[in-house]
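In what follows, a structure is listed as structure tokens, so that the remarks can point back to it.
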Amino acid sequence: MYAVVAGGGKVGANVARSLLRLGHEVTLIEQKRDRFERLEDEFEHQVQRGDATELHVLERAGIARPPDIVLALTGDDEDNLVIAQLAKEKYGVEQVIARVNDPRNQAHFDLLGISPTVCATSSIMALVEHEVPEHDLIHLLELRKENLEIVEVMIDGDSPSAGKRVESLELPDGARLISVMRSGRAEIAVGATQLEAGDQVLAILEPGKEDELRRVLLRR
Amino acid sequence: MNALIIGCGRVGSSIALQLQREGWDVTVVDENEDALARLGEHWPGAFLVGQGIDVDVLREAGIEDADAVVAATDGDNTNILIGQVAQKRFDIGCVVIRILDPARADFYSARGLRVVCPTKTAIDTLMEAVRSCAIPPARVTG
């Protein structure tokens with residue numbers, strides 16, 4: 001596989017190193033001179049110096065071949081967006097992964113159809129939410145391409161859904177229950193599954209349906 | 001008519017002043033508070049400090065009611081992003097962005113953005129100036 005990695009900071013350099021170790025062909029692009037010189041000692045001809053949002057820099061790195069994958073991993077979200085757009089739309093690269101540094105910029109990547117993206121801050125926050133649940137509805141996974149998300153809901157004694165069968169719940173359109181975890185054991189949620197206080201329920205839903213789902217399951 | 005100018009450097013501030021003189025309601029956004037000085041002492045329009053890629057800032061600056069948006073920050077890729085957000089998210093019909101790099105300017109102008117590339121303009125103007133010089137014929141054939 002041929003991979004072009006834009007951005008030679010900690011993330012980019014480690015990804016490039018890992019890909020090389022797996023036997024892939026890699027070109028790493030780094031703009032800053034001091035960082036480039038340090039990388040050159042290790043990566044030799046496999047690192048090139050330049051601004052990866054400039055077409056001639058990308059072309060020198062073989063973007064026109066095109067690579068099997070382009071990884072836009074700089075510390076600048078605008079740059080990552082442009083790199084991803086150029087790779088996909090100008091050079092027909094099929095796989096592009098972009099790093100989101102500031103989670104507030106996630107919406108821009110979504111708007112411009114750049115997917116998948118990786119955002120360290122969002123991933124950490126999702127883990128924190130999962131480990132230290134302060135909310136009754138926890139986001140576990142976003143399936144951006146599908147425009148769906150998977151959430152976890154904790155049923156308690158006050159929940160109107162406790163004691164009810166799944167088929168009798170008036171779930172919103174665009175939301176389904178996936179599974180019920182009870183005393184450490186998970187079961188697929190079917191119509192006859194009866195919810196009980198203490199259940200951890202996984203649901204799949206369209207983003208924006210959280211409040212409706214919360215009302216049906218928790219009346220909150 | 002409402003104009004929103006992102007980036008209040010030499011270019012952005014001049015455009016803001018000119019549009020304002022022509023009767024537009026102009027709002028200017030710059031990440032640096034000091035940029036307001038470029039608009040003179042009696043700037044009658046609005047001025048906001050903030051990042052032009054921040055949707056909250058754009059909303060506060062009234063992008064939803066803007067008839068024209070100009071992205072003229074000193075970053076090509078920032079302008080490219082602001083332009084696309086204005087076009088695709090806020091449905092602004094008139095989005096003008098400055099891109100210094102001619103190659104990126106070509107790519108994005110083919111995607112429906114009104115792109116102005118000062119570098120290309122400079123190259124054309126300079127070429128024209130060189131061509132129009134009166135050079136003695138003997139030197140040309142040499």
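For the structure tokens, the naming scheme is as follows: chains receive sequential letters (A, B, ...) according to their order of presentation, residues are indexed from 1 within each chain, and ligands are indexed from 1 in presentation order.
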Please list as a short mmCIF file (atom, residue, chain, number, x, y, z; two decimals) with C-alpha atoms, in the first residue's frame every residue within 7 Å of stretch 22-26 of chain B, counting only C-alpha atoms and excluding residues in the same chain fewer than 5 positions away.
data_model
loop_
_atom_site.label_atom_id
_atom_site.label_comp_id
_atom_site.auth_asym_id
_atom_site.auth_seq_id
_atom_site.Cartn_x
_atom_site.Cartn_y
_atom_site.Cartn_z
CA MET B 1 -27.46 45.41 1.75
CA ASN B 2 -25.35 43.60 4.29
CA ALA B 3 -21.71 42.68 3.78
CA LEU B 4 -19.61 40.56 6.09
CA ALA B 16 -14.96 47.31 4.20
CA GLY B 45 -20.15 49.63 10.93
CA ALA B 46 -19.83 46.68 13.28
#
- Item | Counting only C-alpha atoms, chain A residues within 9 Å of chain B, as a ChimeraX atom specification | /A:53-56,78-79,81-82,86,90,104-105,108,111-112
Please, could you write that set of residues out with N, CA and C atoms as an mmCIF file, in the first residue's frame?
data_model
loop_
_atom_site.group_PDB
_atom_site.id
_atom_site.type_symbol
_atom_site.label_atom_id
_atom_site.label_comp_id
_atom_site.auth_asym_id
_atom_site.auth_seq_id
_atom_site.Cartn_x
_atom_site.Cartn_y
_atom_site.Cartn_z
ATOM 1 N N THR A 53 -0.503 21.649 1.499
ATOM 2 C CA THR A 53 -1.698 22.160 0.836
ATOM 3 C C THR A 53 -1.329 22.778 -0.519
ATOM 4 N N GLU A 54 -0.033 22.715 -0.863
ATOM 5 C CA GLU A 54 0.379 23.197 -2.188
ATOM 6 C C GLU A 54 0.427 22.027 -3.154
ATOM 7 N N LEU A 55 -0.159 22.227 -4.320
ATOM 8 C CA LEU A 55 -0.301 21.128 -5.272
ATOM 9 C C LEU A 55 1.043 20.543 -5.693
ATOM 10 N N HIS A 56 2.040 21.417 -5.894
ATOM 11 C CA HIS A 56 3.322 20.875 -6.381
ATOM 12 C C HIS A 56 4.006 20.043 -5.310
ATOM 13 N N GLU A 78 -7.708 23.775 9.139
ATOM 14 C CA GLU A 78 -7.955 24.301 7.795
ATOM 15 C C GLU A 78 -7.072 23.571 6.779
ATOM 16 N N ASP A 79 -5.798 23.370 7.161
ATOM 17 C CA ASP A 79 -4.883 22.672 6.262
ATOM 18 C C ASP A 79 -5.363 21.242 6.019
ATOM 19 N N LEU A 81 -8.319 20.066 6.121
ATOM 20 C CA LEU A 81 -9.496 20.094 5.255
ATOM 21 C C LEU A 81 -9.113 20.250 3.789
ATOM 22 N N VAL A 82 -8.215 21.187 3.532
ATOM 23 C CA VAL A 82 -7.818 21.442 2.141
ATOM 24 C C VAL A 82 -7.062 20.233 1.574
ATOM 25 N N LEU A 86 -8.361 18.246 -1.667
ATOM 26 C CA LEU A 86 -7.523 18.122 -2.865
ATOM 27 C C LEU A 86 -7.294 16.647 -3.188
ATOM 28 N N LYS A 90 -9.476 16.329 -6.341
ATOM 29 C CA LYS A 90 -8.627 16.668 -7.480
ATOM 30 C C LYS A 90 -7.861 15.450 -7.986
ATOM 31 N N ARG A 104 -14.543 21.752 17.736
ATOM 32 C CA ARG A 104 -15.542 22.680 17.189
ATOM 33 C C ARG A 104 -15.500 22.715 15.660
ATOM 34 N N ASN A 105 -14.388 22.239 15.092
ATOM 35 C CA ASN A 105 -14.294 22.229 13.630
ATOM 36 C C ASN A 105 -14.866 20.966 13.001
ATOM 37 N N HIS A 108 -17.336 21.368 10.267
ATOM 38 C CA HIS A 108 -16.834 21.781 8.954
ATOM 39 C C HIS A 108 -16.436 20.561 8.117
ATOM 40 N N LEU A 111 -19.590 18.946 6.987
ATOM 41 C CA LEU A 111 -20.222 19.759 5.950
ATOM 42 C C LEU A 111 -19.586 19.497 4.591
ATOM 43 N N LEU A 112 -18.262 19.327 4.579
ATOM 44 C CA LEU A 112 -17.549 19.180 3.313
ATOM 45 C C LEU A 112 -17.337 17.707 2.949
#
- Message: Report as a VMD selection string all protein, DNA and RNA residues lying within 12 Å of A:Asp136, evaluated on only C-alpha atoms, omitting residues in the same chain fewer than 5 positions from it.
- Response: chain A and resid 129 to 130 151 to 156 159 198 to 201 210 to 211 213 to 215 217 to 220
Could you turn the residues from that selection into a file that holds C-alpha atoms, as a short mmCIF file (atom, residue, chain, number, x, y, z; two decimals), in the first residue's frame?
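Below is the file that was written, selection19.cif:
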data_model
loop_
_atom_site.label_atom_id
_atom_site.label_comp_id
_atom_site.auth_asym_id
_atom_site.auth_seq_id
_atom_site.Cartn_x
_atom_site.Cartn_y
_atom_site.Cartn_z
CA GLU A 129 -18.47 10.16 29.62
CA HIS A 130 -18.54 6.40 29.43
CA VAL A 151 -26.07 5.59 22.59
CA GLU A 152 -26.36 3.92 25.97
CA VAL A 153 -29.29 4.63 28.27
CA MET A 154 -29.53 3.58 31.90
CA ILE A 155 -33.01 2.54 32.96
CA ASP A 156 -33.84 3.25 36.60
CA SER A 159 -38.24 5.26 34.22
CA GLY A 198 -30.79 -1.17 36.23
CA ASP A 199 -30.72 -2.20 32.57
CA GLN A 200 -28.13 -0.65 30.33
CA VAL A 201 -29.79 -0.31 26.96
CA GLU A 210 -31.92 11.80 21.61
CA ASP A 211 -34.54 13.88 23.38
CA LEU A 213 -35.74 8.61 22.96
CA ARG A 214 -35.01 9.98 26.40
CA ARG A 215 -38.67 10.90 26.84
CA LEU A 217 -37.39 5.54 28.00
CA LEU A 218 -36.84 7.91 30.91
CA ARG A 219 -39.54 10.59 30.69
CA ARG A 220 -36.97 13.36 31.04
#
- Task: Mind listing the helix (DSSP H, G or I) residues of chain B, per DSSP on the backbone, as a PyMOL selection string?
- Result: chain B and resi 10-21+33-39+55-60+63-65+76-89+102-109+118-131+137-141
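Selecting strand (DSSP E) from the backbone DSSP output for stretch 53-95 of chain A yields Ile69, Val70, Leu71, Ala72 and Gln95 of chain A.
The coordinates place atom CA of A:Ala87 at 9.0 Å from atom CA of A:Ile69.
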- Task: Tell me, as a PyMOL selection string, which residues lie within 8 Å of A:Gln48, counting only C-alpha atoms; anything in the same chain fewer than 5 positions away does not count.
- Result: chain A and resi 27-30+36+61
Store the residues of this selection in a file with N, CA and C atoms, as a CSV table (one decimal), in the first residue's frame.
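Once everything was written out, this is part_24.csv:
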chain,number,residue,atom,x,y,z
A,27,THR,N,5.2,8.3,2.1
A,27,THR,CA,5.9,9.6,2.0
A,27,THR,C,5.3,10.5,3.1
A,28,LEU,N,6.2,11.1,3.9
A,28,LEU,CA,5.7,12.0,5.0
A,28,LEU,C,6.1,13.4,4.5
A,29,ILE,N,5.2,14.3,4.7
A,29,ILE,CA,5.4,15.7,4.3
A,29,ILE,C,5.4,16.6,5.6
A,30,GLU,N,6.5,17.4,5.7
A,30,GLU,CA,6.5,18.3,6.9
A,30,GLU,C,7.0,19.6,6.4
A,36,PHE,N,11.5,19.0,10.1
A,36,PHE,CA,11.9,18.2,8.9
A,36,PHE,C,13.3,17.6,9.0
A,61,ALA,N,5.2,14.4,-3.9
A,61,ALA,CA,5.0,13.2,-3.0
A,61,ALA,C,4.2,12.1,-3.7
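For the pair atom CA of B:Asp91 and atom CA of A:Glu94, the separation is 28.2 Å.
Summary of the local environment: counting only C-alpha atoms, residues at most 9 Å from A:Gly8, other than itself and those fewer than 5 positions away along its chain, are Ala13, Asn14, Ala16, Leu28, Ile29, Glu30, Gln31, Lys32, Arg35, Phe36, Leu39, Val47, Leu73 and Thr74 of chain A.
Straight-line separation from atom CA of B:Asn32 to atom CA of B:Gly9: 9.8 Å.
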- Task: Find the spatial neighbours of B:Ala105, counting only C-alpha atoms, within a cut-off of 8 Å - ignore same-chain residues fewer than 6 positions away - and output them as a list in words.
- Result: Ile99, Val115, Val116 and Cys117 of chain B
Just the selected residues (N, CA and C atoms), exported as a compact mmCIF listing (two decimals), in the first residue's frame, please.
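The resulting file, result_28.txt, is shown below:
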# COMPACT_ATOMS: atom_id res chain seq x y z
N ILE B 99 -7.39 33.95 -2.45
CA ILE B 99 -6.43 32.85 -2.37
C ILE B 99 -5.15 33.31 -3.07
N VAL B 115 -13.30 33.33 -6.60
CA VAL B 115 -11.94 33.38 -6.07
C VAL B 115 -11.19 34.53 -6.71
N VAL B 116 -10.54 35.31 -5.87
CA VAL B 116 -9.65 36.35 -6.38
C VAL B 116 -8.23 35.95 -5.99
N CYS B 117 -7.36 35.89 -6.99
CA CYS B 117 -5.97 35.49 -6.74
C CYS B 117 -5.05 36.67 -7.05
